[in-house]
Amino acid sequence: MISVPSPWISTGHLPTPEVVGHLVEEAHAHFASVEEGNVATYIPALAAASPRSFGICVAATSGASFNAGDWAVPFSIQSLSKPFLFALVCEAIGEQLARDALGVNSTGLPFNSVLAVERTVEGLSNPMVNAGAIATTSLVPGDDAAAQWRFIEDGLSRFAGRRLTLDAEVYQSERATNCSNKGIASLLSAHQQLWSDPATAIDLYTRQCSLLVTAQDLALMACTLANGGRQPLSGEQVIAPLICRRVLAVMVTAGLYETSGDWLYQIGLPGKSGVSGGMITVAPGKGALATWSPPLDEAGNSVRGQLTAHFLSERLGLNLFDSLPSSAS
Ligand code: GLN
């Protein structure tokens, strides 16, 4: 097995800044009028989101970014914390141990499924669904919950390149209503798949989901995964290049939960969605797209986010599976 990336890497570059900027504007104008989908209400504080909010940001590995609409409006990160927390835990304990402890296979089930734990004898799922993400959080290093929270807050902030803060209202709202996540934590514990006490794991997981980000923050966080683990603005090496590969592989497998296959078929890139309406799409070596639009489809994925990712993946030439016949053949 090769453990360091070879210099012969399968990446390219984005089109010129003018082209990217123009297409981001065009995508916003094109999809702002789409009215399908529903804002999530199971976390009461999220029900207040405006269905009209719509922001787009493309961040290039060069550090340039291209914005449209509500790209600077903060919202809670929710499940978009999952790939970054998995990355930080892989970096802390080693990607092989993380894989063995958490699993990396698709569940084919909704993001909040309790069955995800019962599905296999071992109780493994993957870090992109609630079960695996709660287990990931329980692996965060630290002597106590306060130290573990510092690890999470610092680590996610390093991906963003700025200090992230908590939305206390969203945190309290989810804390008061997250019975099924508590059930998942108890089941994980029963399967010996939780590495802290369930109440601590759930509290830290709920907090991490309540950190505030903008579409631009998310684009820069995702762009760090497209850039061998180096934050494009701060220049900080947040995680090793190898960990990026691992995280992107799990995003491909399960980033859009039970509709991850449909997503990959259409868009051909690693992606991740969150219940507050955020989405990220990563083009390795090139950059990343983040969108924010609260109305969701049945699986909990932003409707405008998916349309924008499809539009930009095609026009910016991002699909990982594209090729042209060689002129030599
Ligand atoms: N905090 C949310 C939950 O656990 C995150 C889910 C999501 O964004 N899909 O239900």
# chains A, B, ... in the order shown; residues from 1 in each chain; ligands from 1
$ select_by_dssp --residues "stretch 43-135 of chain A" --states "strand (DSSP E or B)" --output "JSON, numbers by chain"
{"A": [55, 56, 57, 58, 59, 60, 65, 66, 67, 68, 69, 75, 76]}
$ residues_near_ligand --ligand "ligand 1" --cutoff "8 Å" --atoms "only C-alpha atoms and all ligand atoms" --output "PyMOL selection string"
chain A and resi 43+77-80+111-112+129-130+174+178+181+205-206+209-210+273-276+300-301
$ closest_residue --among "A:Leu212, A:Leu307, A:Leu85, A:Ala254" --to "A:Ser33" --atoms "only C-alpha atoms"
A:Leu307
$ residues_around --residues "A:Leu109" --least-positions-apart "3" --cutoff "7 Å" --atoms "only C-alpha atoms" --output "list in words"
Ser113, Ala116, Tyr257 and Glu258 of chain A
$ residues_around --residues "A:Val34" --least-positions-apart "4" --cutoff "9 Å" --atoms "only C-alpha atoms" --output "ChimeraX atom specification"
/A:30,303-304
$ write_last_selection --atoms "N, CA, C and O atoms" --output "JSON list (two decimals), in the first residue's frame"
[["chain", "number", "residue", "atom", "x", "y", "z"],
["A", 30, "HIS", "N", -30.41, 31.30, -11.47],
["A", 30, "HIS", "CA", -31.16, 30.19, -12.04],
["A", 30, "HIS", "C", -32.02, 29.46, -11.01],
["A", 30, "HIS", "O", -33.14, 29.07, -11.30],
["A", 303, "VAL", "N", -32.49, 21.08, -1.56],
["A", 303, "VAL", "CA", -32.93, 20.96, -2.96],
["A", 303, "VAL", "C", -32.10, 21.88, -3.86],
["A", 303, "VAL", "O", -31.51, 21.44, -4.86],
["A", 304, "ARG", "N", -32.03, 23.18, -3.49],
["A", 304, "ARG", "CA", -31.25, 24.10, -4.33],
["A", 304, "ARG", "C", -29.76, 23.75, -4.30],
["A", 304, "ARG", "O", -29.04, 23.96, -5.28]]
$ select_by_dssp --residues "stretch 97-150 of chain A" --states "alpha helix (DSSP H)" --output "ChimeraX atom specification"
/A:97-102,115-118,130-138,145-150
$ write_last_selection --atoms "N, CA and C atoms" --output "PDB file, in the first residue's frame"
ATOM      1  N   LEU A  97      -7.233   2.872  12.699  1.00  0.00           N
ATOM      2  CA  LEU A  97      -7.973   2.620  13.943  1.00  0.00           C
ATOM      3  C   LEU A  97      -9.375   3.239  13.852  1.00  0.00           C
ATOM      4  N   ALA A  98      -9.457   4.425  13.277  1.00  0.00           N
ATOM      5  CA  ALA A  98     -10.757   5.100  13.137  1.00  0.00           C
ATOM      6  C   ALA A  98     -11.687   4.267  12.260  1.00  0.00           C
ATOM      7  N   ARG A  99     -11.138   3.737  11.196  1.00  0.00           N
ATOM      8  CA  ARG A  99     -11.959   2.900  10.297  1.00  0.00           C
ATOM      9  C   ARG A  99     -12.467   1.653  11.022  1.00  0.00           C
ATOM     10  N   ASP A 100     -11.566   1.004  11.771  1.00  0.00           N
ATOM     11  CA  ASP A 100     -11.965  -0.216  12.478  1.00  0.00           C
ATOM     12  C   ASP A 100     -13.019   0.085  13.542  1.00  0.00           C
ATOM     13  N   ALA A 101     -12.901   1.251  14.170  1.00  0.00           N
ATOM     14  CA  ALA A 101     -13.807   1.588  15.276  1.00  0.00           C
ATOM     15  C   ALA A 101     -15.162   2.092  14.799  1.00  0.00           C
ATOM     16  N   LEU A 102     -15.194   2.682  13.585  1.00  0.00           N
ATOM     17  CA  LEU A 102     -16.418   3.385  13.174  1.00  0.00           C
ATOM     18  C   LEU A 102     -17.136   2.742  11.994  1.00  0.00           C
ATOM     19  N   LEU A 115     -31.717   2.001  13.409  1.00  0.00           N
ATOM     20  CA  LEU A 115     -31.408   0.683  12.826  1.00  0.00           C
ATOM     21  C   LEU A 115     -29.978   0.602  12.309  1.00  0.00           C
ATOM     22  N   ALA A 116     -29.390   1.757  12.007  1.00  0.00           N
ATOM     23  CA  ALA A 116     -28.009   1.773  11.507  1.00  0.00           C
ATOM     24  C   ALA A 116     -27.083   1.035  12.473  1.00  0.00           C
ATOM     25  N   VAL A 117     -27.409   1.074  13.760  1.00  0.00           N
ATOM     26  CA  VAL A 117     -26.567   0.397  14.756  1.00  0.00           C
ATOM     27  C   VAL A 117     -26.889  -1.101  14.783  1.00  0.00           C
ATOM     28  N   GLU A 118     -28.156  -1.429  14.652  1.00  0.00           N
ATOM     29  CA  GLU A 118     -28.603  -2.828  14.772  1.00  0.00           C
ATOM     30  C   GLU A 118     -28.370  -3.635  13.496  1.00  0.00           C
ATOM     31  N   ASN A 130     -25.747   9.782  11.775  1.00  0.00           N
ATOM     32  CA  ASN A 130     -25.719  10.134  13.198  1.00  0.00           C
ATOM     33  C   ASN A 130     -25.029   9.082  14.060  1.00  0.00           C
ATOM     34  N   ALA A 131     -25.340   7.790  13.831  1.00  0.00           N
ATOM     35  CA  ALA A 131     -24.761   6.745  14.687  1.00  0.00           C
ATOM     36  C   ALA A 131     -23.234   6.812  14.652  1.00  0.00           C
ATOM     37  N   GLY A 132     -22.688   6.772  13.443  1.00  0.00           N
ATOM     38  CA  GLY A 132     -21.222   6.797  13.311  1.00  0.00           C
ATOM     39  C   GLY A 132     -20.623   8.117  13.763  1.00  0.00           C
ATOM     40  N   ALA A 133     -21.367   9.199  13.582  1.00  0.00           N
ATOM     41  CA  ALA A 133     -20.846  10.521  13.983  1.00  0.00           C
ATOM     42  C   ALA A 133     -20.815  10.649  15.508  1.00  0.00           C
ATOM     43  N   ILE A 134     -21.827  10.098  16.166  1.00  0.00           N
ATOM     44  CA  ILE A 134     -21.838  10.134  17.643  1.00  0.00           C
ATOM     45  C   ILE A 134     -20.670   9.280  18.158  1.00  0.00           C
ATOM     46  N   ALA A 135     -20.448   8.126  17.519  1.00  0.00           N
ATOM     47  CA  ALA A 135     -19.301   7.282  17.895  1.00  0.00           C
ATOM     48  C   ALA A 135     -17.990   8.027  17.642  1.00  0.00           C
ATOM     49  N   THR A 136     -17.913   8.767  16.517  1.00  0.00           N
ATOM     50  CA  THR A 136     -16.702   9.548  16.214  1.00  0.00           C
ATOM     51  C   THR A 136     -16.443  10.557  17.329  1.00  0.00           C
ATOM     52  N   THR A 137     -17.502  11.252  17.739  1.00  0.00           N
ATOM     53  CA  THR A 137     -17.357  12.266  18.793  1.00  0.00           C
ATOM     54  C   THR A 137     -16.857  11.632  20.081  1.00  0.00           C
ATOM     55  N   SER A 138     -17.300  10.392  20.348  1.00  0.00           N
ATOM     56  CA  SER A 138     -16.871   9.734  21.595  1.00  0.00           C
ATOM     57  C   SER A 138     -15.386   9.366  21.563  1.00  0.00           C
ATOM     58  N   ALA A 145     -14.845  16.370  29.416  1.00  0.00           N
ATOM     59  CA  ALA A 145     -15.703  16.902  28.344  1.00  0.00           C
ATOM     60  C   ALA A 145     -15.243  18.295  27.897  1.00  0.00           C
ATOM     61  N   ALA A 146     -14.733  19.099  28.834  1.00  0.00           N
ATOM     62  CA  ALA A 146     -14.295  20.454  28.477  1.00  0.00           C
ATOM     63  C   ALA A 146     -13.101  20.384  27.520  1.00  0.00           C
ATOM     64  N   ALA A 147     -12.177  19.465  27.797  1.00  0.00           N
ATOM     65  CA  ALA A 147     -10.999  19.322  26.923  1.00  0.00           C
ATOM     66  C   ALA A 147     -11.428  18.773  25.562  1.00  0.00           C
ATOM     67  N   GLN A 148     -12.382  17.847  25.580  1.00  0.00           N
ATOM     68  CA  GLN A 148     -12.877  17.304  24.310  1.00  0.00           C
ATOM     69  C   GLN A 148     -13.557  18.404  23.482  1.00  0.00           C
ATOM     70  N   TRP A 149     -14.320  19.264  24.156  1.00  0.00           N
ATOM     71  CA  TRP A 149     -14.995  20.349  23.433  1.00  0.00           C
ATOM     72  C   TRP A 149     -13.968  21.309  22.829  1.00  0.00           C
ATOM     73  N   ARG A 150     -12.891  21.592  23.585  1.00  0.00           N
ATOM     74  CA  ARG A 150     -11.841  22.474  23.040  1.00  0.00           C
ATOM     75  C   ARG A 150     -11.252  21.863  21.772  1.00  0.00           C
TER      76      ARG A 150
END
$ residues_around --residues "A:Leu187" --least-positions-apart "3" --cutoff "9 Å" --atoms "only C-alpha atoms" --output "list in words"
Val114, Val117, Glu118, Gly123, Lys182, Gly183, Ile184, Ala190, His191, Gln192, Gln193 and Leu194 of chain A
$ write_last_selection --atoms "C-alpha atoms" --output "tab-separated table (two decimals), in the first residue's frame"
chain	number	residue	atom	x	y	z
A	114	VAL	CA	-31.44	3.85	14.97
A	117	VAL	CA	-26.57	0.40	14.76
A	118	GLU	CA	-28.60	-2.83	14.77
A	123	GLY	CA	-23.00	-2.18	15.40
A	182	LYS	CA	-29.93	9.54	22.81
A	183	GLY	CA	-31.38	6.15	21.81
A	184	ILE	CA	-28.60	5.74	19.23
A	190	ALA	CA	-24.69	-1.65	24.35
A	191	HIS	CA	-22.62	-2.78	21.34
A	192	GLN	CA	-19.39	-1.50	22.96
A	193	GLN	CA	-19.11	0.99	20.12
A	194	LEU	CA	-19.04	4.15	22.22
$ closest_residue --among "A:Ala47, A:Ile152, A:Leu139, A:Ala226" --to "A:Ala201" --atoms "only C-alpha atoms"
A:Leu139
$ residues_around --residues "A:Val170" --least-positions-apart "2" --cutoff "8 Å" --atoms "only C-alpha atoms" --output "list in words"
Ile43, Ala45, Leu46, Ser76, Asp167, Ala168, Gln172, Ser173, Glu174 and Ser210 of chain A
$ closest_residue --among "A:Leu164, A:Leu318, A:Val24, A:Met221" --to "A:Thr11" --atoms "only C-alpha atoms"
A:Leu318
$ residues_around --residues "A:Ser157" --least-positions-apart "4" --cutoff "10 Å" --atoms "only C-alpha atoms" --output "number ranges by chain"
A: 151-153, 161-165, 211, 213, 217, 221
$ write_last_selection --atoms "all heavy atoms" --output "tab-separated table (two decimals), in the first residue's frame"
chain	number	residue	atom	x	y	z
A	151	PHE	N	-11.03	20.55	21.78
A	151	PHE	CA	-10.48	19.86	20.60
A	151	PHE	C	-11.42	20.06	19.40
A	151	PHE	O	-10.98	20.37	18.28
A	151	PHE	CB	-10.33	18.36	20.91
A	151	PHE	CG	-9.87	17.52	19.75
A	151	PHE	CD1	-8.53	17.19	19.58
A	151	PHE	CD2	-10.79	17.02	18.82
A	151	PHE	CE1	-8.11	16.40	18.51
A	151	PHE	CE2	-10.38	16.23	17.74
A	151	PHE	CZ	-9.03	15.92	17.59
A	152	ILE	N	-12.73	19.91	19.64
A	152	ILE	CA	-13.72	20.01	18.55
A	152	ILE	C	-13.79	21.45	18.03
A	152	ILE	O	-13.69	21.70	16.82
A	152	ILE	CB	-15.11	19.55	19.05
A	152	ILE	CG1	-15.08	18.06	19.41
A	152	ILE	CG2	-16.20	19.85	18.01
A	152	ILE	CD1	-16.35	17.54	20.11
A	153	GLU	N	-13.95	22.39	18.97
A	153	GLU	CA	-14.10	23.81	18.59
A	153	GLU	C	-12.84	24.31	17.88
A	153	GLU	O	-12.92	24.97	16.84
A	153	GLU	CB	-14.34	24.59	19.88
A	153	GLU	CG	-15.08	25.88	19.70
A	153	GLU	CD	-15.22	26.61	21.04
A	153	GLU	OE1	-14.49	26.28	22.02
A	153	GLU	OE2	-16.06	27.52	21.09
A	161	GLY	N	-10.52	28.54	9.31
A	161	GLY	CA	-9.55	29.65	9.27
A	161	GLY	C	-10.01	30.84	10.10
A	161	GLY	O	-9.48	31.95	9.95
A	162	ARG	N	-10.99	30.65	10.95
A	162	ARG	CA	-11.43	31.69	11.89
A	162	ARG	C	-12.14	31.00	13.05
A	162	ARG	O	-12.53	29.83	12.94
A	162	ARG	CB	-12.34	32.72	11.22
A	162	ARG	CG	-13.73	32.20	10.94
A	162	ARG	CD	-14.66	33.31	10.48
A	162	ARG	NE	-16.01	32.78	10.31
A	162	ARG	CZ	-17.00	32.90	11.20
A	162	ARG	NH1	-16.80	33.52	12.34
A	162	ARG	NH2	-18.20	32.39	10.96
A	163	ARG	N	-12.29	31.74	14.15
A	163	ARG	CA	-12.89	31.17	15.35
A	163	ARG	C	-14.40	30.98	15.13
A	163	ARG	O	-15.11	31.96	14.87
A	163	ARG	CB	-12.63	32.17	16.48
A	163	ARG	CG	-12.77	31.65	17.84
A	163	ARG	CD	-11.51	30.94	18.32
A	163	ARG	NE	-11.92	29.88	19.24
A	163	ARG	CZ	-11.36	28.68	19.31
A	163	ARG	NH1	-10.37	28.35	18.53
A	163	ARG	NH2	-11.80	27.80	20.17
A	164	LEU	N	-14.91	29.78	15.26
A	164	LEU	CA	-16.35	29.53	15.12
A	164	LEU	C	-17.01	29.64	16.49
A	164	LEU	O	-16.41	29.30	17.51
A	164	LEU	CB	-16.60	28.14	14.53
A	164	LEU	CG	-16.01	27.88	13.14
A	164	LEU	CD1	-16.31	26.46	12.69
A	164	LEU	CD2	-16.54	28.89	12.11
A	165	THR	N	-18.26	30.12	16.51
A	165	THR	CA	-18.97	30.27	17.79
A	165	THR	C	-20.28	29.47	17.75
A	165	THR	O	-20.78	29.10	16.68
A	165	THR	CB	-19.31	31.75	18.07
A	165	THR	OG1	-20.11	32.23	16.99
A	165	THR	CG2	-18.04	32.59	18.20
A	211	LEU	N	-22.51	24.77	15.98
A	211	LEU	CA	-21.55	25.83	15.64
A	211	LEU	C	-22.03	26.59	14.41
A	211	LEU	O	-22.58	25.99	13.47
A	211	LEU	CB	-20.16	25.22	15.39
A	211	LEU	CG	-19.40	24.78	16.63
A	211	LEU	CD1	-18.17	23.95	16.26
A	211	LEU	CD2	-18.97	25.98	17.49
A	213	VAL	N	-21.69	28.69	10.99
A	213	VAL	CA	-20.81	28.88	9.83
A	213	VAL	C	-21.58	29.63	8.75
A	213	VAL	O	-22.81	29.67	8.77
A	213	VAL	CB	-20.36	27.52	9.22
A	213	VAL	CG1	-19.35	26.81	10.09
A	213	VAL	CG2	-21.57	26.62	8.93
A	217	ASP	N	-17.46	30.06	4.97
A	217	ASP	CA	-16.68	29.22	5.90
A	217	ASP	C	-16.66	27.78	5.40
A	217	ASP	O	-15.61	27.13	5.37
A	217	ASP	CB	-17.33	29.20	7.30
A	217	ASP	CG	-17.21	30.52	8.03
A	217	ASP	OD1	-16.21	31.22	7.85
A	217	ASP	OD2	-18.14	30.83	8.81
A	221	MET	N	-13.62	25.36	4.45
A	221	MET	CA	-13.40	24.10	5.18
A	221	MET	C	-13.31	22.94	4.18
A	221	MET	O	-12.40	22.11	4.25
A	221	MET	CB	-14.56	23.84	6.15
A	221	MET	CG	-14.62	24.84	7.30
A	221	MET	SD	-16.11	24.68	8.32
A	221	MET	CE	-15.59	23.36	9.44
$ closest_residue --among "A:Leu316, A:Ala49, A:Val140, A:Ala40" --to "A:His13" --atoms "only C-alpha atoms"
A:Leu316
$ decode --residues "stretch 61-172 of chain A" --atoms "C-alpha atoms" --output "PDB file, in the first residue's frame"
ATOM      1  CA  THR A  61      -7.264  25.959  -3.688  1.00  0.00           C
ATOM      2  CA  SER A  62      -5.489  29.191  -4.732  1.00  0.00           C
ATOM      3  CA  GLY A  63      -7.408  30.949  -1.930  1.00  0.00           C
ATOM      4  CA  ALA A  64      -9.742  32.873  -4.273  1.00  0.00           C
ATOM      5  CA  SER A  65     -13.452  32.697  -3.546  1.00  0.00           C
ATOM      6  CA  PHE A  66     -16.537  33.443  -5.622  1.00  0.00           C
ATOM      7  CA  ASN A  67     -19.776  34.307  -3.848  1.00  0.00           C
ATOM      8  CA  ALA A  68     -23.441  34.932  -4.561  1.00  0.00           C
ATOM      9  CA  GLY A  69     -26.562  35.675  -2.496  1.00  0.00           C
ATOM     10  CA  ASP A  70     -26.567  34.884   1.249  1.00  0.00           C
ATOM     11  CA  TRP A  71     -22.996  33.577   1.315  1.00  0.00           C
ATOM     12  CA  ALA A  72     -22.128  35.588   4.466  1.00  0.00           C
ATOM     13  CA  VAL A  73     -25.208  34.701   6.581  1.00  0.00           C
ATOM     14  CA  PRO A  74     -24.458  32.356   9.531  1.00  0.00           C
ATOM     15  CA  PHE A  75     -26.413  29.135  10.163  1.00  0.00           C
ATOM     16  CA  SER A  76     -25.738  26.063  12.318  1.00  0.00           C
ATOM     17  CA  ILE A  77     -23.341  23.586  10.729  1.00  0.00           C
ATOM     18  CA  GLN A  78     -25.334  20.435  11.704  1.00  0.00           C
ATOM     19  CA  SER A  79     -24.193  17.315   9.831  1.00  0.00           C
ATOM     20  CA  LEU A  80     -21.579  19.252   7.896  1.00  0.00           C
ATOM     21  CA  SER A  81     -19.478  18.959  11.042  1.00  0.00           C
ATOM     22  CA  LYS A  82     -19.293  15.184  10.469  1.00  0.00           C
ATOM     23  CA  PRO A  83     -16.588  14.904   7.781  1.00  0.00           C
ATOM     24  CA  PHE A  84     -14.392  17.448   9.576  1.00  0.00           C
ATOM     25  CA  LEU A  85     -14.717  15.777  12.949  1.00  0.00           C
ATOM     26  CA  PHE A  86     -13.958  12.420  11.358  1.00  0.00           C
ATOM     27  CA  ALA A  87     -10.854  14.004   9.800  1.00  0.00           C
ATOM     28  CA  LEU A  88      -9.683  15.370  13.158  1.00  0.00           C
ATOM     29  CA  VAL A  89     -10.264  12.031  14.897  1.00  0.00           C
ATOM     30  CA  CYS A  90      -8.406  10.170  12.115  1.00  0.00           C
ATOM     31  CA  GLU A  91      -5.524  12.586  12.545  1.00  0.00           C
ATOM     32  CA  ALA A  92      -5.567  12.065  16.339  1.00  0.00           C
ATOM     33  CA  ILE A  93      -5.891   8.278  16.553  1.00  0.00           C
ATOM     34  CA  GLY A  94      -4.842   7.111  13.077  1.00  0.00           C
ATOM     35  CA  GLU A  95      -7.057   6.496  10.073  1.00  0.00           C
ATOM     36  CA  GLN A  96      -6.839   2.690  10.332  1.00  0.00           C
ATOM     37  CA  LEU A  97      -7.973   2.620  13.943  1.00  0.00           C
ATOM     38  CA  ALA A  98     -10.757   5.100  13.137  1.00  0.00           C
ATOM     39  CA  ARG A  99     -11.959   2.900  10.297  1.00  0.00           C
ATOM     40  CA  ASP A 100     -11.965  -0.216  12.478  1.00  0.00           C
ATOM     41  CA  ALA A 101     -13.807   1.588  15.276  1.00  0.00           C
ATOM     42  CA  LEU A 102     -16.418   3.385  13.174  1.00  0.00           C
ATOM     43  CA  GLY A 103     -16.959   1.502   9.914  1.00  0.00           C
ATOM     44  CA  VAL A 104     -16.917   3.063   6.437  1.00  0.00           C
ATOM     45  CA  ASN A 105     -19.761   1.312   4.659  1.00  0.00           C
ATOM     46  CA  SER A 106     -23.035   2.774   3.535  1.00  0.00           C
ATOM     47  CA  THR A 107     -26.070   1.966   5.666  1.00  0.00           C
ATOM     48  CA  GLY A 108     -28.609   2.750   2.933  1.00  0.00           C
ATOM     49  CA  LEU A 109     -30.698   4.198   5.759  1.00  0.00           C
ATOM     50  CA  PRO A 110     -31.805   7.720   6.718  1.00  0.00           C
ATOM     51  CA  PHE A 111     -29.257   9.903   8.553  1.00  0.00           C
ATOM     52  CA  ASN A 112     -30.942   9.542  11.944  1.00  0.00           C
ATOM     53  CA  SER A 113     -31.631   5.815  11.725  1.00  0.00           C
ATOM     54  CA  VAL A 114     -31.445   3.849  14.966  1.00  0.00           C
ATOM     55  CA  LEU A 115     -31.408   0.683  12.826  1.00  0.00           C
ATOM     56  CA  ALA A 116     -28.009   1.773  11.507  1.00  0.00           C
ATOM     57  CA  VAL A 117     -26.567   0.397  14.756  1.00  0.00           C
ATOM     58  CA  GLU A 118     -28.603  -2.828  14.772  1.00  0.00           C
ATOM     59  CA  ARG A 119     -27.927  -3.525  11.091  1.00  0.00           C
ATOM     60  CA  THR A 120     -24.690  -5.449  11.724  1.00  0.00           C
ATOM     61  CA  VAL A 121     -23.548  -7.682  14.569  1.00  0.00           C
ATOM     62  CA  GLU A 122     -20.743  -5.248  15.425  1.00  0.00           C
ATOM     63  CA  GLY A 123     -23.000  -2.179  15.400  1.00  0.00           C
ATOM     64  CA  LEU A 124     -20.797  -0.297  12.904  1.00  0.00           C
ATOM     65  CA  SER A 125     -22.122   2.278  10.446  1.00  0.00           C
ATOM     66  CA  ASN A 126     -20.046   5.177   9.055  1.00  0.00           C
ATOM     67  CA  PRO A 127     -19.073   8.654  10.306  1.00  0.00           C
ATOM     68  CA  MET A 128     -21.485  10.495   7.938  1.00  0.00           C
ATOM     69  CA  VAL A 129     -24.686   9.278   9.645  1.00  0.00           C
ATOM     70  CA  ASN A 130     -25.719  10.134  13.198  1.00  0.00           C
ATOM     71  CA  ALA A 131     -24.761   6.745  14.687  1.00  0.00           C
ATOM     72  CA  GLY A 132     -21.222   6.797  13.311  1.00  0.00           C
ATOM     73  CA  ALA A 133     -20.846  10.521  13.983  1.00  0.00           C
ATOM     74  CA  ILE A 134     -21.838  10.134  17.643  1.00  0.00           C
ATOM     75  CA  ALA A 135     -19.301   7.282  17.895  1.00  0.00           C
ATOM     76  CA  THR A 136     -16.702   9.548  16.214  1.00  0.00           C
ATOM     77  CA  THR A 137     -17.357  12.266  18.793  1.00  0.00           C
ATOM     78  CA  SER A 138     -16.871   9.734  21.595  1.00  0.00           C
ATOM     79  CA  LEU A 139     -13.339   9.092  20.241  1.00  0.00           C
ATOM     80  CA  VAL A 140     -12.281  12.748  20.575  1.00  0.00           C
ATOM     81  CA  PRO A 141      -9.163  12.914  22.764  1.00  0.00           C
ATOM     82  CA  GLY A 142      -9.280  14.823  26.078  1.00  0.00           C
ATOM     83  CA  ASP A 143      -9.272  14.145  29.805  1.00  0.00           C
ATOM     84  CA  ASP A 144     -12.767  15.509  30.320  1.00  0.00           C
ATOM     85  CA  ALA A 145     -15.703  16.902  28.344  1.00  0.00           C
ATOM     86  CA  ALA A 146     -14.295  20.454  28.477  1.00  0.00           C
ATOM     87  CA  ALA A 147     -10.999  19.322  26.923  1.00  0.00           C
ATOM     88  CA  GLN A 148     -12.877  17.304  24.310  1.00  0.00           C
ATOM     89  CA  TRP A 149     -14.995  20.349  23.433  1.00  0.00           C
ATOM     90  CA  ARG A 150     -11.841  22.474  23.040  1.00  0.00           C
ATOM     91  CA  PHE A 151     -10.482  19.859  20.601  1.00  0.00           C
ATOM     92  CA  ILE A 152     -13.716  20.014  18.554  1.00  0.00           C
ATOM     93  CA  GLU A 153     -14.096  23.808  18.592  1.00  0.00           C
ATOM     94  CA  ASP A 154     -10.404  24.411  17.825  1.00  0.00           C
ATOM     95  CA  GLY A 155     -10.246  21.770  15.129  1.00  0.00           C
ATOM     96  CA  LEU A 156     -13.368  22.896  13.248  1.00  0.00           C
ATOM     97  CA  SER A 157     -12.185  26.523  13.564  1.00  0.00           C
ATOM     98  CA  ARG A 158      -8.813  25.606  12.033  1.00  0.00           C
ATOM     99  CA  PHE A 159     -10.638  24.175   9.023  1.00  0.00           C
ATOM    100  CA  ALA A 160     -12.603  27.441   8.700  1.00  0.00           C
ATOM    101  CA  GLY A 161      -9.555  29.646   9.274  1.00  0.00           C
ATOM    102  CA  ARG A 162     -11.427  31.685  11.891  1.00  0.00           C
ATOM    103  CA  ARG A 163     -12.895  31.171  15.347  1.00  0.00           C
ATOM    104  CA  LEU A 164     -16.352  29.532  15.122  1.00  0.00           C
ATOM    105  CA  THR A 165     -18.970  30.270  17.789  1.00  0.00           C
ATOM    106  CA  LEU A 166     -22.007  28.424  19.101  1.00  0.00           C
ATOM    107  CA  ASP A 167     -25.659  29.182  18.311  1.00  0.00           C
ATOM    108  CA  ALA A 168     -26.964  28.786  21.877  1.00  0.00           C
ATOM    109  CA  GLU A 169     -30.604  28.752  20.776  1.00  0.00           C
ATOM    110  CA  VAL A 170     -30.124  25.905  18.291  1.00  0.00           C
ATOM    111  CA  TYR A 171     -28.051  23.987  20.850  1.00  0.00           C
ATOM    112  CA  GLN A 172     -30.739  24.278  23.544  1.00  0.00           C
TER     113      GLN A 172
END
